[in-house]
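J.: Pasting a structure below so you can have a look.
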Amino acid sequence: MSLASRMYHGETSYDFVGRRRLWFSISAVLVLISLVSLVWPGLNFGIDFKGGAVFRVQPERPVTEAEVRRAVGSAAEVVQVTEQAPVQVIVQTEELPAAEVTRIRTGLARVSGVQLNAVSTESIGSKWGSTVSRKAVIALLVFLVVVTVYVSLRMEFKMAVAALVALLHDLIITGGIFALSRFEVTPATVIALLTILGYSLYDTVVVFDKVRENTGSLTAMSRTTYSQATNLAINQTVMRSLNTSMASLLPILGLLLVGSYLLGAETLKDLALALFVGVAAGAYSSIFIAPPLVAMWKEREPRYAQLRARVERLAAQGPGAERPERPERPVRAATGTARQAGRPAAREGRSRPAPARPPEPEPELAEHDEEDLEEAAGTESAVVAQTPARRQPQKPRPTQQRRKSSGRQQSRPAKRRRR
Amino acid sequence: MPGTRRYVIPLLIVFLLVGAVWGVIMVQGIKPRLGLDLKGGSTVTFVPTNPRGGTPTTEQLDTTVDIIRNRVNSKGVAESEVSVEGGNIVVSIPNVPNPDDVIAAVGTTAQLQFRPVKEIVGASDPRYKQAPFNAVDCAKPETYANKDIPDKDVVLCARDQAGQLRPEANAPKLLMGPVALGGTDIASARPQLQQAGQGGVTTGQWETQLNFNGAGGRKFQELTGKAACNPDNDPKRQIAITLDAVVINYPPVASDVQCNQGISGGSAVITGQTQAEAENLAPLISSGALPLKLDPQSRTTVSATLGADSLHAGLIGGAIGLGLVFLYVLLYYRGLGLVVWVGLAVAAALNVGIVILMGKWIGFTLTLAGIAGLIVAVGISADTYVVFFERLKDEVREGKTLRTSVDRGWQRSFHTLVSANSVSFMAALILYLLAIGPVRGFAFTLGLATLIDFFAAWFFARPAVSLLTRLRLFQEGRFVGIRAAV
């Protein structure tokens, strides 16, 4: 099956967590390049940040650049008369006193044969940009604190930190691309950056939600490590991430197209470019950065370290080992993928999953399931009693029963017990 | 079909709501309240600074806004707005032939003047419409603005004592002599409760305490000394205080003040006021004495053509974006994509409709940044369906029928949606509260869209999918992307 087709069918089995070094390295390089380019050549700030004035007018009669220069005087730094219709005259100057702004406006109106109010002007003092940026930075800090608290409460602290790392990663890379591409940084860019915060977290939160669901049922007797459960979660949500990113990127693409071809849409273009880069980076980091980071960190907890040792021991004993050391199925067996991840041969973290199988029932394993319940009952009764039975597509159970036995409900007693 | 009603009712609610919102808009003929960047006009942001250092107080800002509002009105500009945003004063002027003139007027410092009164005429007096009083029309600020020339006799209108700075249409007119003292002569002004005698017993009456500096005290003594030579109840015994060409108060000199002696000691009180009057007058005098310096930090003028172009671009951008998303979901989710179509259309109709209503109800202006927020919101709405459908796929893959998957899939995806949408909403809310300028318009539409998305998910997405999956057509694999995926 082709990759596209497997993805469409939700059967990807890429080892995101195991290959984290590769992706962390790629990100580290990107972040490094971005940081360097933020220092040199640095961001190309628009007049909103460094102060200055821009005048735009659509002349009623043909004008030449020389005529405009004469009308405007020596203050003009850049004078531009666009070629294709509708012709637009653009004049840029340094920061000007109010009277000077009016003088240039009057001159431009006269030379273009239009009324004074047809001259569009943006005149910004140099202090303005720092005021706007300061407010934006305050908003950013408050937002980060609130989000950390929220994610810590709703999920956990380590996830909050990982989400923030991913967020920082996205912001730095977006900044780097702006520095390298020499695109102007305008207030619209700042809006976009702040929106990226929302997007990036949104994406990460969705993946974490699944990670939490999958890892919530891990117990000391489980045969899946935290990393494996996380990896399964990423594989399960990767299609959603891609779809969501597409759904977000397509409208932004619309803005970008319009911004590039239509007049009067400069704001939209500035906004769209930053959003485009940010959303793409956000999707990437929510898959490749944030969850592996959490997995890495969580594996250091004694509980999950022991689990890992156990799973590795079982793996070392090989597939032939007798029960109860029989290789285990995943936490909440959902896909063929998960089963692969938990396979005995797979060394955790480095596993190279076999190609995904079509999700057919495996009678052999299904058989063991009932026994699984029995054998575990002694030690883990509180939890295992509610462990779901394996999926058996051929003989669907009544909905009622099914509902009682799956995912969420299962994870709760397990969690409570741990605490 | 059993249980159908449970899904039909929410759907009805959604469509009724869309109908109601747009019905109100159509019937009342409400137009969207467009920002100046879309319809043309000028926005100037002033950063007020205190000449003696320190941050301007809220009171100072409010008084300054009042003065500026009066000035903009005096230029005959309708629909202009003056507001305080994050400590800055933002003046928005719609498309007028000469915006520069208005902006120049706004930035100048307000003049506070003390003048001797010569004559006072009320609206019923025949001389009200004769020379020299017919030179000003109290209903038209442009007739008296900038007429407060210091060394000449002037006619100006008096405002209502406790009200706004702007005089009413038939306000009394005062003929006054040249300026006797100005804002720089005053040290401070504050409202206080009147003390009866030495005992410190309050009378319940309020007064405004004026303190002059050295030169000001002497000028004030001379002014009141001359006025006191006139008998009680003679207008000439009154002193007019004008701010920015409006008479803000014109108290008579007390009857116990001697002719040519005046009020000495460098301080005075204006008595016989209500609390509201005193608390209104003192800040006006203070602001005239110590005007905030208004530094125009940002000025944007958008021509009507450029504004229309931007609006146009925004609408086309939105249409293209929506179209691309429509195409994508149809290709990916096939039959269920149609649910997304209707869902996105419903969300878009509610978003745009409520933004228009908000323009009418709370004065929300839709700017280009706001439109960008609405376009970005398409992605947020679409995501709800993506999360839901991907969960459905999971459930179906676990061997359930599409129909039974809907409930489970919904429960799980709703949990995700709560987490994710809360984060988005928090981002929007914090931006709206803390940021300034165009960022706020963007945050508003984005936050609104997140709320509407939440509503639409509950009342539309779930019931619509539940109902549709009962149709035979949707039981056939190929029609629904999810089934085909299994």
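Chain labels follow the order of the structure tokens: the first chain is A, the next B, and so on; residue numbering restarts at 1 in every chain, and ligands are counted from 1 in their shown order.
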Residues of chain A were defined as contacting chain B if any atom lay at most 6 Å from it, counting only C-alpha atoms; please report them as a ChimeraX atom specification.
T.: /A:9,117-125,128,135-136,139,191,198,202,205-206,244,247-248,250-251,254-255,258,264-265,393
J.: Among range 52-192 of chain A, which ones does DSSP place in alpha helix (DSSP H), written as a PyMOL selection string?
T.: chain A and resi 65-72+98-112+126-154+157-181+187-192
J.: Using only C-alpha atoms, which residues sit within 6 Å of Pro191 in chain B once same-chain residues fewer than 4 positions away are excluded, as a list in words?
T.: Glu207, Thr208, Ala278, Glu279 and Ala282 of chain B
J.: Go through A:Ser25, A:Asn214, A:Asn44, A:Ser112 one by one, measure the shortest atom-to-atom distance of each to Thr186 in chain A using only C-alpha atoms, and give the residue with the smallest value.
T.: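 Between A:Ser25, A:Asn214, A:Asn44, A:Ser112, the residue approaching Thr186 in chain A most closely is A:Asn44.
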J.: Report the distance between CA of Ala280 in chain A and CA of Tyr14 in chain A in Å, rounded to one decimal place.
T.: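 Interatomic distance here is 19.5 Å.
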J.: Taking a cut-off of 12 Å and counting only C-alpha atoms, can you build a table that, for each residue of range 89-119 of chain B near range 143-151 of chain B, reports the nearest atom pair and how far apart they are in Å (one decimal), sorted by chain then residue number, as a Markdown table?
T.:
| residue | atom | partner | partner_atom | distance |
| --- | --- | --- | --- | --- |
| B:Ala105 | CA | B:Asn146 | CA | 9.4 |
| B:Val106 | CA | B:Ala145 | CA | 11.7 |
| B:Thr108 | CA | B:Asn146 | CA | 10.8 |
| B:Thr109 | CA | B:Asn146 | CA | 11.4 |
| B:Ala110 | CA | B:Asn146 | CA | 9.9 |
| B:Gln111 | CA | B:Asp148 | CA | 8.3 |
| B:Leu112 | CA | B:Asp148 | CA | 9.5 |
| B:Gln113 | CA | B:Pro150 | CA | 7.9 |
| B:Phe114 | CA | B:Pro150 | CA | 9.8 |
| B:Arg115 | CA | B:Pro150 | CA | 9.1 |
| B:Pro116 | CA | B:Pro150 | CA | 12.0 |
J.: Just how far from CA of Ile173 in chain A is CA of Glu299 in chain A, in Å to one decimal?
T.: 28.1 Å
J.: Using only C-alpha atoms, determine which residues lie at most 7 Å from Phe49 in chain A, disregarding the query and same-chain residues fewer than 4 positions distant; provide the list as an MDAnalysis selection string.
T.: chainID A and resid 45 126 128:130
J.: How would the residues just chosen look if you wrote them out with N, CA and C atoms as a PDB file, in the first residue's frame?
T.:
ATOM      1  N   PHE A  45      11.997  45.610   9.586  1.00  0.00           N
ATOM      2  CA  PHE A  45      10.832  46.258  10.176  1.00  0.00           C
ATOM      3  C   PHE A  45      10.229  47.291   9.231  1.00  0.00           C
ATOM      4  N   SER A 126       8.311  57.027  15.532  1.00  0.00           N
ATOM      5  CA  SER A 126       9.196  55.908  15.837  1.00  0.00           C
ATOM      6  C   SER A 126       8.860  55.253  17.169  1.00  0.00           C
ATOM      7  N   TRP A 128       5.887  54.601  18.182  1.00  0.00           N
ATOM      8  CA  TRP A 128       4.654  53.836  18.043  1.00  0.00           C
ATOM      9  C   TRP A 128       4.912  52.342  18.022  1.00  0.00           C
ATOM     10  N   GLY A 129       5.884  51.951  17.195  1.00  0.00           N
ATOM     11  CA  GLY A 129       6.191  50.535  17.050  1.00  0.00           C
ATOM     12  C   GLY A 129       6.526  49.896  18.378  1.00  0.00           C
ATOM     13  N   SER A 130       7.325  50.604  19.188  1.00  0.00           N
ATOM     14  CA  SER A 130       7.715  50.012  20.464  1.00  0.00           C
ATOM     15  C   SER A 130       6.512  49.908  21.393  1.00  0.00           C
TER      16      SER A 130
END
